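**Q** My file is input-v4.pdb. It has PDB, C-alpha atoms, pLDDT in the B column:
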ATOM      1  CA  MET B 253      39.054 -83.287 -82.724  1.00 89.00           C
ATOM      2  CA  ARG B 254      39.657 -81.052 -79.704  1.00 92.00           C
ATOM      3  CA  LEU B 255      36.446 -80.410 -77.780  1.00 94.00           C
ATOM      4  CA  PHE B 256      35.256 -78.363 -74.845  1.00 93.00           C
ATOM      5  CA  ALA B 257      31.906 -77.512 -73.254  1.00 94.00           C
ATOM      6  CA  ALA B 258      31.106 -73.827 -72.824  1.00 92.00           C
ATOM      7  CA  VAL B 259      28.362 -71.304 -72.213  1.00 90.00           C
ATOM      8  CA  LEU B 260      28.036 -68.016 -74.049  1.00 90.00           C
ATOM      9  CA  PRO B 261      28.020 -64.823 -71.987  1.00 90.00           C
ATOM     10  CA  PRO B 262      25.001 -62.517 -72.223  1.00 90.00           C
ATOM     11  CA  PRO B 263      25.376 -59.359 -74.348  1.00 93.00           C
ATOM     12  CA  ASP B 264      25.860 -57.003 -71.373  1.00 92.00           C
ATOM     13  CA  VAL B 265      28.757 -59.128 -70.121  1.00 88.00           C
ATOM     14  CA  VAL B 266      30.325 -59.164 -73.588  1.00 92.00           C
ATOM     15  CA  GLU B 267      30.110 -55.363 -73.669  1.00 93.00           C
ATOM     16  CA  GLU B 268      31.733 -54.954 -70.252  1.00 89.00           C
ATOM     17  CA  LEU B 269      34.472 -57.446 -71.051  1.00 88.00           C
ATOM     18  CA  GLY B 270      34.977 -55.745 -74.412  1.00 91.00           C
ATOM     19  CA  ARG B 271      35.750 -52.457 -72.702  1.00 90.00           C
ATOM     20  CA  ALA B 272      38.400 -54.119 -70.555  1.00 86.00           C
ATOM     21  CA  VAL B 273      39.902 -56.010 -73.481  1.00 86.00           C
ATOM     22  CA  GLY B 274      40.001 -52.840 -75.587  1.00 88.00           C
ATOM     23  CA  GLY B 275      42.552 -51.353 -73.211  1.00 87.00           C
ATOM     24  CA  LEU B 276      44.728 -54.450 -73.399  1.00 86.00           C
ATOM     25  CA  ARG B 277      45.119 -54.299 -77.168  1.00 86.00           C
ATOM     26  CA  SER B 278      47.363 -51.239 -76.906  1.00 87.00           C
ATOM     27  CA  LEU B 279      49.818 -52.763 -74.417  1.00 87.00           C
ATOM     28  CA  PRO B 280      53.354 -53.660 -75.513  1.00 90.00           C
ATOM     29  CA  GLY B 281      53.433 -57.126 -77.068  1.00 84.00           C
ATOM     30  CA  ALA B 282      49.678 -57.232 -77.685  1.00 85.00           C
ATOM     31  CA  GLY B 283      50.265 -57.765 -81.391  1.00 84.00           C
ATOM     32  CA  ARG B 284      51.733 -61.207 -80.672  1.00 80.00           C
ATOM     33  CA  LEU B 285      48.490 -62.404 -79.071  1.00 80.00           C
ATOM     34  CA  ARG B 286      45.754 -64.256 -80.894  1.00 78.00           C
ATOM     35  CA  TRP B 287      42.743 -61.947 -80.504  1.00 84.00           C
ATOM     36  CA  THR B 288      39.282 -63.401 -81.052  1.00 85.00           C
ATOM     37  CA  ASP B 289      36.215 -61.428 -82.001  1.00 87.00           C
ATOM     38  CA  ARG B 290      33.394 -61.091 -79.505  1.00 88.00           C
ATOM     39  CA  PRO B 291      31.254 -63.863 -81.068  1.00 89.00           C
ATOM     40  CA  GLY B 292      34.052 -66.290 -80.115  1.00 87.00           C
ATOM     41  CA  TRP B 293      34.076 -65.340 -76.431  1.00 90.00           C
ATOM     42  CA  HIS B 294      32.794 -68.034 -74.106  1.00 91.00           C
ATOM     43  CA  PHE B 295      33.078 -69.489 -70.619  1.00 89.00           C
ATOM     44  CA  THR B 296      34.744 -72.893 -70.820  1.00 90.00           C
ATOM     45  CA  LEU B 297      33.122 -75.341 -68.422  1.00 91.00           C
ATOM     46  CA  ALA B 298      35.072 -78.469 -69.367  1.00 92.00           C
ATOM     47  CA  PHE B 299      37.929 -79.230 -71.728  1.00 92.00           C
ATOM     48  CA  TYR B 300      37.815 -82.718 -73.218  1.00 93.00           C
ATOM     49  CA  GLY B 301      40.954 -82.557 -75.348  1.00 93.00           C
ATOM     50  CA  GLU B 302      41.187 -84.919 -78.288  1.00 95.00           C
ATOM     51  CA  VAL B 303      37.913 -86.827 -78.765  1.00 94.00           C
ATOM     52  CA  ASP B 304      37.168 -89.432 -81.415  1.00 95.00           C
ATOM     53  CA  GLU B 305      34.747 -87.930 -83.923  1.00 95.00           C
ATOM     54  CA  GLY B 306      32.425 -90.925 -83.534  1.00 96.00           C
ATOM     55  CA  LEU B 307      31.763 -89.970 -79.909  1.00 95.00           C
ATOM     56  CA  VAL B 308      30.628 -86.430 -80.716  1.00 95.00           C
ATOM     57  CA  PRO B 309      26.921 -87.166 -81.395  1.00 96.00           C
ATOM     58  CA  ASP B 310      26.454 -88.997 -78.067  1.00 96.00           C
ATOM     59  CA  LEU B 311      28.444 -86.388 -76.153  1.00 94.00           C
ATOM     60  CA  SER B 312      26.435 -83.581 -77.767  1.00 94.00           C
ATOM     61  CA  GLU B 313      23.164 -85.274 -76.834  1.00 96.00           C
ATOM     62  CA  ARG B 314      24.267 -85.725 -73.215  1.00 95.00           C
ATOM     63  CA  LEU B 315      25.385 -82.097 -72.954  1.00 94.00           C
ATOM     64  CA  GLU B 316      22.095 -80.892 -74.428  1.00 95.00           C
ATOM     65  CA  ARG B 317      20.160 -82.907 -71.816  1.00 96.00           C
ATOM     66  CA  ALA B 318      22.333 -81.505 -69.026  1.00 94.00           C
ATOM     67  CA  ALA B 319      21.827 -77.953 -70.319  1.00 92.00           C
ATOM     68  CA  ARG B 320      18.041 -78.358 -70.389  1.00 95.00           C
ATOM     69  CA  ARG B 321      18.075 -79.549 -66.752  1.00 96.00           C
ATOM     70  CA  THR B 322      20.299 -76.716 -65.540  1.00 92.00           C
ATOM     71  CA  GLU B 323      18.854 -73.477 -64.216  1.00 92.00           C
ATOM     72  CA  PRO B 324      20.622 -70.201 -65.039  1.00 87.00           C
ATOM     73  CA  PHE B 325      23.548 -69.585 -62.715  1.00 85.00           C
ATOM     74  CA  PRO B 326      25.686 -66.570 -61.791  1.00 88.00           C
ATOM     75  CA  LEU B 327      29.275 -66.230 -62.937  1.00 84.00           C
ATOM     76  CA  ALA B 328      31.933 -63.778 -61.855  1.00 84.00           C
ATOM     77  CA  LEU B 329      35.176 -62.922 -63.603  1.00 82.00           C
ATOM     78  CA  ARG B 330      38.188 -62.492 -61.368  1.00 85.00           C
ATOM     79  CA  GLY B 331      41.735 -62.157 -62.564  1.00 84.00           C
ATOM     80  CA  GLY B 332      43.193 -63.183 -65.847  1.00 83.00           C
ATOM     81  CA  GLY B 333      46.248 -64.585 -67.496  1.00 83.00           C
ATOM     82  CA  GLN B 334      47.608 -66.187 -70.603  1.00 79.00           C
ATOM     83  CA  PHE B 335      48.293 -69.649 -71.989  1.00 80.00           C
ATOM     84  CA  GLY B 336      49.428 -71.219 -75.234  1.00 77.00           C
ATOM     85  CA  ARG B 337      52.967 -69.846 -74.932  1.00 76.00           C
ATOM     86  CA  GLY B 338      51.580 -66.415 -74.178  1.00 71.00           C
ATOM     87  CA  ARG B 339      49.332 -66.194 -77.226  1.00 70.00           C
ATOM     88  CA  ALA B 340      45.880 -66.550 -75.626  1.00 75.00           C
ATOM     89  CA  LEU B 341      44.265 -64.581 -72.805  1.00 77.00           C
ATOM     90  CA  TRP B 342      41.766 -65.765 -70.259  1.00 82.00           C
ATOM     91  CA  ALA B 343      39.625 -63.893 -67.741  1.00 81.00           C
TER
END
What does this structure look like when you write it as structure tokens?

**A**
Amino acid sequence: MRLFAAVLPPPDVVEELGRAVGGLRSLPGAGRLRWTDRPGWHFTLAFYGEVDEGLVPDLSERLERAARRTEPFPLALRGGGQFGRGRALWA
């Protein structure tokens, strides 16, 4: 299974990003992209790639402990691009 660690943006950030993304949907070629709905938007912190399913419970527990120890932190979005042969956008 392909895994990654992520945090979810707060609602005001989702709204602001949504306004920017709304303008992108009308650009030429936008129909070829894989658009996700707002509930799927996240900030990827680490990509683990393929992980054996048996390791998931321990990894989940470790990530939960790390999250509980971590204070809120600021994030800033700068720039953007695409990956996955041009089918996915990132900000």

**Q** Which one of B:Gly306, B:Gly275, B:Pro326, B:Pro262 sits closest to Pro291 (chain B) if you count only C-alpha atoms?

**A**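 When distances to Pro291 (chain B) are compared using only C-alpha atoms, the smallest one comes from B:Pro262.
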
**Q** Applying the PyMOL selection byres ((chain B and resi 334) around 12) to the file I just gave you, which residues come out? Please list them as a list in words.

**A**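 In the shown coordinates, the PyMOL selection byres ((chain B and resi 334) around 12) covers Ala282, Arg284, Leu285, Arg286, Trp287, Gly331, Gly332, Gly333, Phe335, Gly336, Arg337, Gly338, Arg339, Ala340, Leu341, Trp342 and Ala343 of chain B.
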
**Q** List the spatial neighbours of Leu297 (chain B) as a CSV table (one decimal) with C-alpha atoms, in the coordinates of the input - criterion: any atom at most 9 Å away, only C-alpha atoms, same-chain residues fewer than 4 positions off excluded.

**A**
chain,number,residue,atom,x,y,z
B,256,PHE,CA,35.3,-78.4,-74.8
B,257,ALA,CA,31.9,-77.5,-73.3
B,258,ALA,CA,31.1,-73.8,-72.8
B,259,VAL,CA,28.4,-71.3,-72.2

**Q** Between CA of Pro280 (chain B) and CA of Asp264 (chain B), what is the distance, to one decimal in Å?

**A**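 For CA of Pro280 (chain B) relative to CA of Asp264 (chain B), the distance reads 28.0 Å.
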
**Q** Can you tell me how far CA of His294 (chain B) sits from CA of Val308 (chain B), in Å to one decimal?

**A**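 Computing the Euclidean distance for CA of His294 (chain B) and CA of Val308 (chain B) yields 19.7 Å.
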
**Q** Which distance in Å separates CA of Leu255 (chain B) and CA of Tyr300 (chain B), to one decimal?

**A**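 Result for CA of Leu255 (chain B) versus CA of Tyr300 (chain B): 5.3 Å, one decimal.
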
**Q** Looking at B:Pro261, B:Glu267, B:Gly292, B:Ala298, which one is nearest to Leu315 (chain B), with distances taken over all atoms listed in the file?

**A**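 Nearest candidate to Leu315 (chain B) out of B:Pro261, B:Glu267, B:Gly292, B:Ala298: B:Ala298.
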
**Q** Which of these, B:Arg277, B:Arg290, B:Arg254, B:Arg330, has the shortest distance to Leu307 (chain B) once you count all atoms listed in the file?

**A**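 Once distances to Leu307 (chain B) are computed over all atoms listed in the file, the minimum belongs to B:Arg254.
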
**Q** Which residue gives the smallest distance to Asp289 (chain B) among B:Val266, B:Phe325, B:Gly301, B:Glu313, with all atoms listed in the file counted?

**A**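 Among the listed residues, B:Val266 lies closest to Asp289 (chain B).
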
**Q** Looking at B:Phe295, B:Asp310, B:Val303, B:Leu276, which one is nearest to Leu327 (chain B), with distances taken over all atoms listed in the file?

**A**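 Ranking B:Phe295, B:Asp310, B:Val303, B:Leu276 by distance to Leu327 (chain B), first place goes to B:Phe295.
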